[in-house]
Amino acid sequence: MWNFLVRTILRNRITIIAVVAVITIFMGYMATQVKIQYESASILPAEDSTSIVYQNFVTKFGQDGTVMFIGIADKYFFQLQHYQALYDLSDSLKKINGVSEVVSPSRLYNLVKNDSLKKFEFKAISPDRPATQKTVDSIRSVILSLPFYRGILYNQATSAYLMAITLDKKTIHSKDRDRLIGDITSMVDRFSKRMQIEVHYSGLPYINTLIASKLLRELKLFVILALLISAFFLFLFFRSAKAVIFPMVIVMISVIWALGMMALFGYKITMLTSIIPPLVIVIAVENCIFILNKYHYEYTIHGNQAKALSRVIQRIGVANLLTNAATAAGFAAFVITNNKLLVEFGLIAALNIMCIYVLSLTLVPIFFSFLPPPKSKYTKHIEESLAKSLIEKAVYWVENYRNPIYYAMGVCIVLGVVGALRLRSSGTIVDDISKRDPIYKDMLFFEKHFKGIMPLEISVDAKKKKGIFNLTTLKKIDQLQDSLKTFKELSKALSVVEVIKAARQAFYGGDSAYYGLPNSNELTFMAGYIPSFAGKKRSILDSFIDSNYQVTRISVQMANVGTKRIDSIQRELKPIIDSIFNPVKYNVAITGTSVVFLKGTNFLIRNLWESIALAVVVIAILLAFLFTSWRMILISLAPNLIPQLMTAALMGFTGIPIKPSTILIFSIALGISVDNSIQFLSRYRLQLKHTGHNIPISVISALKETGYSMIYSSTVLFFGFAIFILSTFGGTQALGFLISFTLLVAGLLNMFVLPSMLLTLDKWSTTRAFEEPLVDIYEDQTDVDLKDIDFNKSDKKIR
């Protein structure tokens with residue numbers, strides 16, 4: 001089989017290059033069509049009960065994440081100049097294309113009783129731009145007399161004021177979102193500069209838009225850094241411009257294919273898929289390093305370029321197939337999570353890793369077949385280099401100090417267990433945002449003055465039409481709202497009860513002393529003043545009650561607390577709700593973005609653990625297919641699972657919590673780190689055949705041969721993933737830091753522990769099952785007849 005592939009690849013070089021070029025042009029076109037995702041993707045599957053409740057809520061009341069908040073702290077707010085400036089700002093914001101509504105202290109409405117019409121009417125508190133301080137003072141008196149707005153739009157104690165900008169749902173889910181948010185912020189920033197008032201931004205539309213913009217910037221940054229790091233180390237290792245240029249061509253093709261494939265599948269750029277291009281670069285370079293190193297190693301042995309290239313395909317082919325399959329398995333395991341973001345990330349990454357395998361195995365030999373054989377100065381890295389010195393030290397320790405190696409491994413395991421026991425799971429909605437980021441700092445402003453901006457919703461179904469306007473139901477809602485006040489993380493509740501309280505105040509001439517629920521007689525009198533809603537146009541009640549007046553909502557804002565506290569609040573509320581609302585007569589559900597996030601996080605963590613287990617099983621099966629010995633599988637997994645334990649310990653000792661953005665690193669790192677074990681054990685088995693089953697000589701020979709690739713690939717992978725530490729997103733930072741650490745530890749264990757275990761457990765581990773593979777395609781030792789390779793006559797130097 002591999003002889004056939006050698007002939008096919010080296011006899012059809014121009015054809016293969018042409019095919020790859022055509023595919024790359026097509027993928028390049030598709031890459032220009034890839035889009036960035038602006039809307040928050042659903043974490044939960046559609047059939048999940050929490051997701052169903054939330055979708056039903058959205059259907060009745062609309063999306064709870066379409067409001068952008070602007071906050072200021074201004075003790076001179078009700079001075080004429082300041083109030084006029086905010087009035088002008090609010091009026092200008094309302095005119096921006098994509099802004100549906102602006103609610104601010106300068107654009108408030110008061111519910112008043114029209115005795116002549118016997119109807120309640122909403123009248124603007126400030127219908128015109130105030131011209132005198134006396135008018136502003138009058139407006140101030142009216143606003144402060146309305147408890148409805150207290151704690152919602154202003155905090156009198158801290159002189160903080162809030163502006164809520166409702167955005168058009170279609171606009172914020174399109175590429176026009178950047179323009180809309182930019183128009184708003186530039187206008188508000190001019191106001192801030194002119195009035196010398198610090199402004200604070202928040203709200204999910206604003207946060208998601210900034211995150212999307214940062215993703216694009218970081219994608220470009222990481223691609224450039226990955227290319228520079230890869231080029232630097234390729235030149236450092238091989239000391240040849242050719243060994244840099246041609247692998248980098250393959251790298252660029254791989255990146256184009258990755259982006260094109262995302263567009264081909266209809267996927268968008270998300271926080272996860274944005275790391276695929278730099279990830280592809282690192283893995284492509286790793287593949288090229290294995291192939292180039294084998295090419296140079298073979299050439300130094302016999303000096304025949306054609307034979308060296310054919311043996312690269314022949315002997316590296318299946319080992320690289322298995323290493324890439326193992327790496328792909330680590331990503332493909334995310335497909336079982338049933339989470340859209342992870343499924344897309346895992347599928348695209350896995351497919352592109354296999355594409356990288358095909359590209360590197362075909363294009364590297366083809367490119368170098370057109371070039372002169374490597375000169376001795378370019379193969380010096382095999383005889384004279386820091387890598388050779390490290391390999392010699394590894395050989396010395398493996399031969400003479402295996403017990404200290406085991407002691408060190410034992411210490412690592414103990415530390416790993418102790419640290420892993422300190423792991424805690426946690427997460428917040430904006431967990432990936434750095435605490436140094438202006439987004440996070442602005443969020444603290446809203447938490448301090450308004451208890452936060454994260455939506456928490458409670459829906460109440462009276463199970464009968466117009467049941468919400470039953471006085472008993474209204475009193476129960478008011479009782480629940482009083483209970484919500486006991487939670488320091490929750491803001492003042494907003495519901496139909498607050499509207500009816502405001503209506504009672506209006507009924508009594510605007511006296512704030514009458515802000516409260518009416519009794520049955522008052523409600524009867526007030527009922528005549530409430531509009532019939534016979535037409536399509538409804539009132540403020542539209543935001544709180546469904547069309548049948550059967551279901552209502554209680555809206556509160558929540559501080560950016562962790563999943564544990566959200567869960568605690570939910571559990572504490574459940575018995576309170578059940579004690580107020582008889583479950584037979586009412587259906588009460590706690591929902592909103594915060595609750596969906598909690599359930600989604602728990603769901604994701606559970607599924608990610610399952611994906612890690614699946615990755616281990618799949619990789620073990622691949623190893624079994626390659627080595628056919630359960631003993632060798634156990635030995636090969638040991639130096640790759642211990643780094644996972646060490647990473648968990650590092651997280652435990654440094655306080656990095658278990659959350660979706662950190663737990664996914666385990667299956668990724670496992671899939672990548674096992675590559676070195678596969679390469680080493682493949683060479684070890686080949687050496688056994690060459691040395692007549694001499695285990696010590698075979699182990700050392702395999703270590704000397706594969707040590708260069710281990711060192712080179714581990715170095716590139718370490719620095720390649722380390723670039724993600726520069727990210728402004730906490731999850732991406734953790735991914736870069738933790739995977740780099742895991743791969744570093746795995747590289748050391750594969751160089752020291754794996755050979756040591758083979759020597760110590762020589763006859764127990766090296767069984768006949770290991771030496772006799774399941775399928776005899778792994779190590780075809782018969783060289784291809786060089787006459788079958790049709791090199792061009794112009795390529796005389798490679799004959």
# chains A, B, ... in the order shown; residues from 1 in each chain; ligands from 1
$ select_by_dssp --residues "stretch 72-283 of chain A" --states "strand (DSSP E or B)" --output "PyMOL selection string"
chain A and resi 72-73+99-103+109-114+119-124+150+154-155+160-167+199-202+269
$ residues_around --residues "A:Gln733" --least-positions-apart "2" --cutoff "10 Å" --atoms "only C-alpha atoms" --output "NGL selection string"
:A and (432 or 434 or 661-662 or 721-731 or 735-738)
$ select_by_dssp --residues "stretch 313-456 of chain A" --states "alpha helix (DSSP H)" --output "count of residues only"
97
$ closest_residue --among "A:Asp91, A:Glu447, A:Glu457, A:Asp482" --to "A:Val561" --atoms "only C-alpha atoms"
A:Glu447
$ atom_distance --atom1 "atom CA of A:Lys476" --atom2 "atom CA of A:Val556"
16.6 Å
$ residues_around --residues "A:Leu361" --least-positions-apart "6" --cutoff "8 Å" --atoms "only C-alpha atoms" --output "PDB file with all heavy atoms, in the first residue's frame"
ATOM      1  N   ILE A 291       8.261  15.109   9.320  1.00  0.00           N
ATOM      2  CA  ILE A 291       8.629  14.649   7.977  1.00  0.00           C
ATOM      3  C   ILE A 291      10.020  15.143   7.586  1.00  0.00           C
ATOM      4  O   ILE A 291      10.849  14.367   7.083  1.00  0.00           O
ATOM      5  CB  ILE A 291       7.565  15.120   6.959  1.00  0.00           C
ATOM      6  CG1 ILE A 291       6.232  14.417   7.244  1.00  0.00           C
ATOM      7  CG2 ILE A 291       8.025  14.837   5.540  1.00  0.00           C
ATOM      8  CD1 ILE A 291       5.073  14.948   6.433  1.00  0.00           C
ATOM      9  N   ILE A 313       7.633   8.922   3.133  1.00  0.00           N
ATOM     10  CA  ILE A 313       6.225   8.579   2.915  1.00  0.00           C
ATOM     11  C   ILE A 313       5.930   7.192   3.463  1.00  0.00           C
ATOM     12  O   ILE A 313       4.915   6.959   4.128  1.00  0.00           O
ATOM     13  CB  ILE A 313       5.881   8.639   1.414  1.00  0.00           C
ATOM     14  CG1 ILE A 313       6.173  10.030   0.859  1.00  0.00           C
ATOM     15  CG2 ILE A 313       4.419   8.256   1.174  1.00  0.00           C
ATOM     16  CD1 ILE A 313       6.086  10.128  -0.663  1.00  0.00           C
ATOM     17  N   GLY A 317       4.407   7.720   7.086  1.00  0.00           N
ATOM     18  CA  GLY A 317       3.010   7.806   6.688  1.00  0.00           C
ATOM     19  C   GLY A 317       2.016   7.291   7.696  1.00  0.00           C
ATOM     20  O   GLY A 317       1.113   8.022   8.123  1.00  0.00           O
TER      21      GLY A 317
END
$ closest_residue --among "A:Leu204, A:Leu279, A:Leu117, A:Ile697" --to "A:Ile672" --atoms "only C-alpha atoms"
A:Leu279
$ closest_residue --among "A:Lys388, A:Leu717, A:Gly707, A:Asp442" --to "A:Pro278" --atoms "only C-alpha atoms"
A:Leu717
$ atom_distance --atom1 "atom CA of A:Gln557" --atom2 "atom CA of A:Gly98"
23.8 Å
$ residues_around --residues "A:Gly652" --least-positions-apart "5" --cutoff "7 Å" --atoms "only C-alpha atoms" --output "count of residues only"
4
$ closest_residue --among "A:Lys574, A:His82, A:His693, A:Arg315" --to "A:Val6" --atoms "only C-alpha atoms"
A:Arg315
$ closest_residue --among "A:Met262, A:Ala212, A:Asn582, A:Ala284" --to "A:Leu234" --atoms "only C-alpha atoms"
A:Ala284
$ closest_residue --among "A:Thr185, A:Leu650, A:Asp461, A:Ala131" --to "A:Val418" --atoms "only C-alpha atoms"
A:Leu650
